[in-house]
Amino acid sequence: IGLRILKTVSQLTVTVRKGFALWYSSYFGAASLFTNRIFVAFIIWALFAYSSFVIPFIHLPEIVKQYNLSRQDNVFPLTSIIAIVHIFGKVILGIISDLPCISTWNVFLMANFTLVTCILTLPLMQTYIGLAVICALIGFSSGYFSLMPVVTEDLVGTKHLANAYGIIICANGISALFGPPFAGWIYDITQKYDFSFYIAGLLYMVGIIFLLIQPCIQKKQPKEESTEDAQV
């Protein structure tokens with residue numbers, strides 16, 4: 001019985017070690033996703049993106065109070081406008097990106113540009129109608145989340161899609177985790193809610209820059225790979 005237990009434990013240990021080695025090599029090995037510069041740039045974008053998206057949900061009520069719009073907001077909350085239009089944005093952007101003459105990547109980029117522009121301009125709106133329009137655009141443009149699996153597949157291929165998409169979602173989660181405290185810290189320093197939107201928007205722009213440089217990386221990477229193959 002003792003030998004059987006030892007044999008079972010030994011087999012289990014070997015299985016666990018093989019599983020860990022496979023997991024480690026897929027994420028951190030020589031052929032891992034993190035050696036793909038295009039994907040790394042996408043991760044950096046993800047780290048900046050979601051923190052900006054959650055800012056309106058946190059500080060928008062304070063902007064409403066600042067401009068004495070609480071009565072209108074109580075009738076139809078602006079955050080509800082974002083949430084409702086977000087649902088339609090996911091569907092419509094998905095339909096648009098499926099059109100044969102439309103590039104999913106271009107739709108993804110345009111949605112990001114629209115979202116960051118709305119975040120930067122939201123504090124400048126001092127009427128309920130103006131804020132409602134901006135919130136509707138935020139909700140619609142943030143529908144690009146439905147395109148992320150397609151964009152991720154285009155970057156890493158079907159084989160690595162599951163791992164890659166998991167990493168991107170994790171990066172978005174980290175971004176969302178640190179976004180609200182960061183926005184609160186900015187308010188504590190400036191005593192103004194506007195600056196949270198401006199700084200978050202600027203950080204989002206940094207993330208978008210990493211999206212824009214991806215075509216340059218994509219052109220450079222095959223050349224480097226072909227050079228390495230020639231040396232081998």
# chains A, B, ... in the order shown; residues from 1 in each chain; ligands from 1

$ closest_atom_pairs --of "region 133-224 of chain A" --to "region 50-57 of chain A" --cutoff "6 Å" --atoms "only C-alpha atoms" --output "CSV"
residue,atom,partner,partner_atom,distance
A:Asn172,CA,A:Tyr50,CA,5.5
A:Ser175,CA,A:Ser51,CA,4.9
A:Ala176,CA,A:Ser51,CA,4.7
A:Gly179,CA,A:Ser51,CA,4.2
A:Ala200,CA,A:Ser52,CA,5.1

$ write_last_selection --atoms "N, CA and C atoms" --output "PDB file, in the first residue's frame"
ATOM      1  N   ASN A 172      -6.873  44.692 -18.416  1.00  0.00           N
ATOM      2  CA  ASN A 172      -8.024  45.579 -18.233  1.00  0.00           C
ATOM      3  C   ASN A 172      -8.488  45.594 -16.780  1.00  0.00           C
ATOM      4  N   SER A 175      -6.127  47.650 -14.755  1.00  0.00           N
ATOM      5  CA  SER A 175      -6.393  49.052 -15.070  1.00  0.00           C
ATOM      6  C   SER A 175      -7.625  49.558 -14.327  1.00  0.00           C
ATOM      7  N   ALA A 176      -8.684  48.753 -14.332  1.00  0.00           N
ATOM      8  CA  ALA A 176      -9.914  49.144 -13.642  1.00  0.00           C
ATOM      9  C   ALA A 176      -9.723  49.208 -12.133  1.00  0.00           C
ATOM     10  N   GLY A 179      -7.686  52.511 -11.507  1.00  0.00           N
ATOM     11  CA  GLY A 179      -8.284  53.735 -12.039  1.00  0.00           C
ATOM     12  C   GLY A 179      -9.009  54.572 -10.997  1.00  0.00           C
ATOM     13  N   ALA A 200      -6.785  61.303 -17.036  1.00  0.00           N
ATOM     14  CA  ALA A 200      -7.144  59.963 -17.512  1.00  0.00           C
ATOM     15  C   ALA A 200      -7.173  59.934 -19.036  1.00  0.00           C
TER      16      ALA A 200
END

$ select_by_dssp --residues "region 14-179 of chain A" --states "alpha helix (DSSP H)" --output "JSON, numbers by chain"
{"A": [14, 15, 16, 17, 18, 19, 20, 21, 22, 23, 24, 25, 26, 27, 28, 37, 38, 39, 40, 41, 42, 43, 44, 45, 46, 47, 48, 49, 50, 51, 52, 53, 54, 55, 56, 57, 58, 59, 60, 61, 62, 63, 64, 65, 66, 70, 71, 72, 73, 74, 75, 78, 79, 80, 81, 82, 83, 84, 85, 86, 87, 88, 89, 90, 91, 92, 93, 94, 95, 96, 97, 104, 105, 106, 107, 108, 109, 110, 111, 112, 113, 114, 115, 116, 117, 118, 119, 120, 121, 128, 129, 130, 131, 132, 133, 134, 135, 136, 137, 138, 139, 140, 141, 148, 149, 150, 151, 152, 153, 154, 155, 156, 161, 162, 163, 164, 165, 166, 167, 168, 169, 170, 171, 172, 173, 174, 175, 176, 177, 178, 179]}

$ residues_around --residues "Ile63 (chain A)" --least-positions-apart "5" --cutoff "8 Å" --atoms "only C-alpha atoms" --output "PyMOL selection string"
chain A and resi 123+193-194

$ write_last_selection --atoms "C-alpha atoms" --output "PDB file, in the first residue's frame"
ATOM      1  CA  PRO A 123     -16.076  68.241 -18.003  1.00  0.00           C
ATOM      2  CA  TYR A 193     -13.071  66.677 -10.507  1.00  0.00           C
ATOM      3  CA  ASP A 194     -12.285  67.989 -13.998  1.00  0.00           C
TER       4      ASP A 194
END

$ residues_around --residues "Phe195 (chain A)" --least-positions-apart "5" --cutoff "8 Å" --atoms "only C-alpha atoms" --output "ChimeraX atom specification"
/A:186-187,190

$ residues_around --residues "region 66-78 of chain A" --least-positions-apart "5" --cutoff "12 Å" --atoms "only C-alpha atoms" --output "PyMOL selection string"
chain A and resi 56-61+83-85+122-139+192-194

$ write_last_selection --atoms "N, CA, C and O atoms" --output "compact mmCIF listing (two decimals), in the first residue's frame"
# COMPACT_ATOMS: atom_id res chain seq x y z
N PRO A 56 -15.82 58.15 -15.72
CA PRO A 56 -17.15 58.79 -15.73
C PRO A 56 -18.13 58.20 -14.72
O PRO A 56 -18.94 58.95 -14.14
N PHE A 57 -18.06 56.90 -14.48
CA PHE A 57 -18.98 56.28 -13.52
C PHE A 57 -18.69 56.75 -12.09
O PHE A 57 -19.57 56.73 -11.24
N ILE A 58 -17.45 57.16 -11.84
CA ILE A 58 -17.05 57.56 -10.49
C ILE A 58 -17.31 59.04 -10.24
O ILE A 58 -17.91 59.43 -9.24
N HIS A 59 -16.85 59.89 -11.16
CA HIS A 59 -16.89 61.33 -10.94
C HIS A 59 -17.99 62.06 -11.69
O HIS A 59 -18.17 63.27 -11.48
N LEU A 60 -18.71 61.38 -12.56
CA LEU A 60 -19.80 62.04 -13.29
C LEU A 60 -20.88 62.58 -12.35
O LEU A 60 -21.36 63.71 -12.55
N PRO A 61 -21.28 61.84 -11.30
CA PRO A 61 -22.26 62.41 -10.36
C PRO A 61 -21.80 63.72 -9.72
O PRO A 61 -22.62 64.62 -9.47
N ALA A 83 -24.65 53.12 -19.97
CA ALA A 83 -24.85 51.66 -19.90
C ALA A 83 -25.78 51.17 -21.02
O ALA A 83 -25.51 50.16 -21.66
N ILE A 84 -26.87 51.90 -21.27
CA ILE A 84 -27.84 51.47 -22.28
C ILE A 84 -27.25 51.55 -23.68
O ILE A 84 -27.34 50.61 -24.47
N VAL A 85 -26.62 52.70 -23.99
CA VAL A 85 -26.05 52.87 -25.34
C VAL A 85 -24.87 51.92 -25.54
O VAL A 85 -24.60 51.51 -26.67
N LEU A 122 -15.85 65.88 -21.69
CA LEU A 122 -17.01 65.76 -20.79
C LEU A 122 -17.07 66.86 -19.73
O LEU A 122 -18.15 67.45 -19.52
N PRO A 123 -15.97 67.19 -19.04
CA PRO A 123 -16.08 68.24 -18.00
C PRO A 123 -16.40 69.62 -18.57
O PRO A 123 -16.79 70.51 -17.81
N LEU A 124 -16.22 69.80 -19.89
CA LEU A 124 -16.49 71.11 -20.49
C LEU A 124 -17.97 71.32 -20.76
O LEU A 124 -18.41 72.46 -20.97
N MET A 125 -18.75 70.25 -20.74
CA MET A 125 -20.18 70.35 -20.97
C MET A 125 -20.87 70.80 -19.69
O MET A 125 -20.72 70.15 -18.65
N GLN A 126 -21.62 71.89 -19.76
CA GLN A 126 -22.25 72.45 -18.56
C GLN A 126 -23.77 72.37 -18.59
O GLN A 126 -24.44 72.93 -17.74
N THR A 127 -24.32 71.69 -19.61
CA THR A 127 -25.76 71.50 -19.68
C THR A 127 -26.07 70.00 -19.67
O THR A 127 -25.22 69.19 -20.05
N TYR A 128 -27.27 69.66 -19.27
CA TYR A 128 -27.66 68.25 -19.22
C TYR A 128 -27.66 67.62 -20.61
O TYR A 128 -27.19 66.50 -20.77
N ILE A 129 -28.15 68.36 -21.60
CA ILE A 129 -28.19 67.84 -22.97
C ILE A 129 -26.78 67.56 -23.47
O ILE A 129 -26.50 66.51 -24.08
N GLY A 130 -25.87 68.50 -23.22
CA GLY A 130 -24.47 68.32 -23.64
C GLY A 130 -23.84 67.10 -22.99
O GLY A 130 -23.18 66.29 -23.66
N LEU A 131 -24.05 66.95 -21.69
CA LEU A 131 -23.51 65.79 -20.98
C LEU A 131 -24.15 64.49 -21.47
O LEU A 131 -23.48 63.47 -21.59
N ALA A 132 -25.46 64.55 -21.77
CA ALA A 132 -26.16 63.36 -22.24
C ALA A 132 -25.61 62.89 -23.59
O ALA A 132 -25.42 61.69 -23.82
N VAL A 133 -25.32 63.84 -24.48
CA VAL A 133 -24.75 63.49 -25.79
C VAL A 133 -23.37 62.86 -25.63
O VAL A 133 -23.06 61.83 -26.24
N ILE A 134 -22.54 63.47 -24.79
CA ILE A 134 -21.20 62.93 -24.55
C ILE A 134 -21.27 61.54 -23.93
O ILE A 134 -20.53 60.63 -24.31
N CYS A 135 -22.18 61.37 -22.97
CA CYS A 135 -22.32 60.07 -22.31
C CYS A 135 -22.80 59.01 -23.30
O CYS A 135 -22.36 57.85 -23.25
N ALA A 136 -23.70 59.41 -24.21
CA ALA A 136 -24.17 58.47 -25.24
C ALA A 136 -23.00 58.05 -26.14
O ALA A 136 -22.87 56.86 -26.49
N LEU A 137 -22.15 59.00 -26.50
CA LEU A 137 -20.98 58.68 -27.33
C LEU A 137 -19.99 57.80 -26.59
O LEU A 137 -19.37 56.91 -27.17
N ILE A 138 -19.83 58.05 -25.28
CA ILE A 138 -18.95 57.20 -24.46
C ILE A 138 -19.48 55.77 -24.45
O ILE A 138 -18.74 54.81 -24.64
N GLY A 139 -20.79 55.64 -24.23
CA GLY A 139 -21.39 54.31 -24.21
C GLY A 139 -21.25 53.60 -25.54
O GLY A 139 -20.91 52.41 -25.60
N LYS A 192 -10.42 69.42 -7.70
CA LYS A 192 -11.31 69.60 -8.85
C LYS A 192 -11.51 68.24 -9.52
O LYS A 192 -10.55 67.50 -9.73
N TYR A 193 -12.78 67.95 -9.86
CA TYR A 193 -13.07 66.68 -10.51
C TYR A 193 -12.68 66.69 -11.99
O TYR A 193 -12.44 65.64 -12.57
N ASP A 194 -12.60 67.88 -12.58
CA ASP A 194 -12.28 67.99 -14.00
C ASP A 194 -10.95 67.35 -14.33
O ASP A 194 -10.80 66.68 -15.37

$ decode --residues "region 99-127 of chain A" --atoms "N, CA and C atoms" --output "mmCIF file, in the first residue's frame"
data_model
loop_
_atom_site.group_PDB
_atom_site.id
_atom_site.type_symbol
_atom_site.label_atom_id
_atom_site.label_comp_id
_atom_site.auth_asym_id
_atom_site.auth_seq_id
_atom_site.Cartn_x
_atom_site.Cartn_y
_atom_site.Cartn_z
ATOM 1 N N LEU A 99 -18.566 44.088 -42.085
ATOM 2 C CA LEU A 99 -18.733 44.467 -43.488
ATOM 3 C C LEU A 99 -17.440 44.192 -44.255
ATOM 4 N N PRO A 100 -17.531 43.659 -45.460
ATOM 5 C CA PRO A 100 -16.323 43.259 -46.208
ATOM 6 C C PRO A 100 -15.382 44.415 -46.544
ATOM 7 N N CYS A 101 -15.936 45.615 -46.665
ATOM 8 C CA CYS A 101 -15.098 46.761 -47.045
ATOM 9 C C CYS A 101 -14.551 47.516 -45.834
ATOM 10 N N ILE A 102 -14.839 47.033 -44.639
ATOM 11 C CA ILE A 102 -14.436 47.721 -43.411
ATOM 12 C C ILE A 102 -13.406 46.884 -42.656
ATOM 13 N N SER A 103 -12.342 47.555 -42.186
ATOM 14 C CA SER A 103 -11.315 46.886 -41.385
ATOM 15 C C SER A 103 -11.699 46.927 -39.907
ATOM 16 N N THR A 104 -11.675 45.775 -39.262
ATOM 17 C CA THR A 104 -11.989 45.714 -37.826
ATOM 18 C C THR A 104 -11.025 46.572 -37.030
ATOM 19 N N TRP A 105 -9.760 46.565 -37.441
ATOM 20 C CA TRP A 105 -8.732 47.348 -36.747
ATOM 21 C C TRP A 105 -9.058 48.844 -36.818
ATOM 22 N N ASN A 106 -9.512 49.328 -37.991
ATOM 23 C CA ASN A 106 -9.846 50.742 -38.144
ATOM 24 C C ASN A 106 -11.060 51.126 -37.306
ATOM 25 N N VAL A 107 -12.052 50.237 -37.250
ATOM 26 C CA VAL A 107 -13.227 50.478 -36.397
ATOM 27 C C VAL A 107 -12.793 50.555 -34.935
ATOM 28 N N PHE A 108 -11.912 49.649 -34.538
ATOM 29 C CA PHE A 108 -11.388 49.608 -33.168
ATOM 30 C C PHE A 108 -10.665 50.909 -32.833
ATOM 31 N N LEU A 109 -9.825 51.394 -33.764
ATOM 32 C CA LEU A 109 -9.082 52.634 -33.541
ATOM 33 C C LEU A 109 -10.018 53.836 -33.452
ATOM 34 N N MET A 110 -10.973 53.919 -34.366
ATOM 35 C CA MET A 110 -11.902 55.053 -34.367
ATOM 36 C C MET A 110 -12.731 55.096 -33.082
ATOM 37 N N ALA A 111 -13.140 53.925 -32.606
ATOM 38 C CA ALA A 111 -13.902 53.863 -31.355
ATOM 39 C C ALA A 111 -13.052 54.362 -30.187
ATOM 40 N N ASN A 112 -11.773 53.982 -30.176
ATOM 41 C CA ASN A 112 -10.869 54.445 -29.116
ATOM 42 C C ASN A 112 -10.670 55.954 -29.171
ATOM 43 N N PHE A 113 -10.480 56.499 -30.378
ATOM 44 C CA PHE A 113 -10.316 57.944 -30.527
ATOM 45 C C PHE A 113 -11.578 58.681 -30.063
ATOM 46 N N THR A 114 -12.738 58.159 -30.422
ATOM 47 C CA THR A 114 -13.996 58.788 -30.007
ATOM 48 C C THR A 114 -14.144 58.773 -28.488
ATOM 49 N N LEU A 115 -13.809 57.642 -27.884
ATOM 50 C CA LEU A 115 -13.946 57.506 -26.430
ATOM 51 C C LEU A 115 -13.039 58.476 -25.689
ATOM 52 N N VAL A 116 -11.763 58.560 -26.109
ATOM 53 C CA VAL A 116 -10.835 59.438 -25.398
ATOM 54 C C VAL A 116 -11.208 60.904 -25.615
ATOM 55 N N THR A 117 -11.720 61.249 -26.790
ATOM 56 C CA THR A 117 -12.157 62.623 -27.048
ATOM 57 C C THR A 117 -13.329 62.993 -26.146
ATOM 58 N N CYS A 118 -14.263 62.068 -25.979
ATOM 59 C CA CYS A 118 -15.421 62.315 -25.108
ATOM 60 C C CYS A 118 -15.019 62.465 -23.656
ATOM 61 N N ILE A 119 -14.070 61.646 -23.207
ATOM 62 C CA ILE A 119 -13.609 61.737 -21.814
ATOM 63 C C ILE A 119 -12.953 63.090 -21.554
ATOM 64 N N LEU A 120 -12.179 63.567 -22.536
ATOM 65 C CA LEU A 120 -11.498 64.854 -22.372
ATOM 66 C C LEU A 120 -12.476 66.036 -22.415
ATOM 67 N N THR A 121 -13.538 65.912 -23.187
ATOM 68 C CA THR A 121 -14.476 67.040 -23.345
ATOM 69 C C THR A 121 -15.644 67.001 -22.358
ATOM 70 N N LEU A 122 -15.849 65.882 -21.687
ATOM 71 C CA LEU A 122 -17.012 65.762 -20.795
ATOM 72 C C LEU A 122 -17.075 66.864 -19.733
ATOM 73 N N PRO A 123 -15.973 67.192 -19.037
ATOM 74 C CA PRO A 123 -16.076 68.241 -18.003
ATOM 75 C C PRO A 123 -16.396 69.620 -18.567
ATOM 76 N N LEU A 124 -16.218 69.802 -19.886
ATOM 77 C CA LEU A 124 -16.486 71.107 -20.495
ATOM 78 C C LEU A 124 -17.974 71.325 -20.757
ATOM 79 N N MET A 125 -18.745 70.253 -20.743
ATOM 80 C CA MET A 125 -20.185 70.348 -20.969
ATOM 81 C C MET A 125 -20.874 70.799 -19.685
ATOM 82 N N GLN A 126 -21.619 71.891 -19.760
ATOM 83 C CA GLN A 126 -22.246 72.451 -18.560
ATOM 84 C C GLN A 126 -23.772 72.371 -18.593
ATOM 85 N N THR A 127 -24.317 71.690 -19.607
ATOM 86 C CA THR A 127 -25.761 71.498 -19.682
ATOM 87 C C THR A 127 -26.069 70.004 -19.671
#
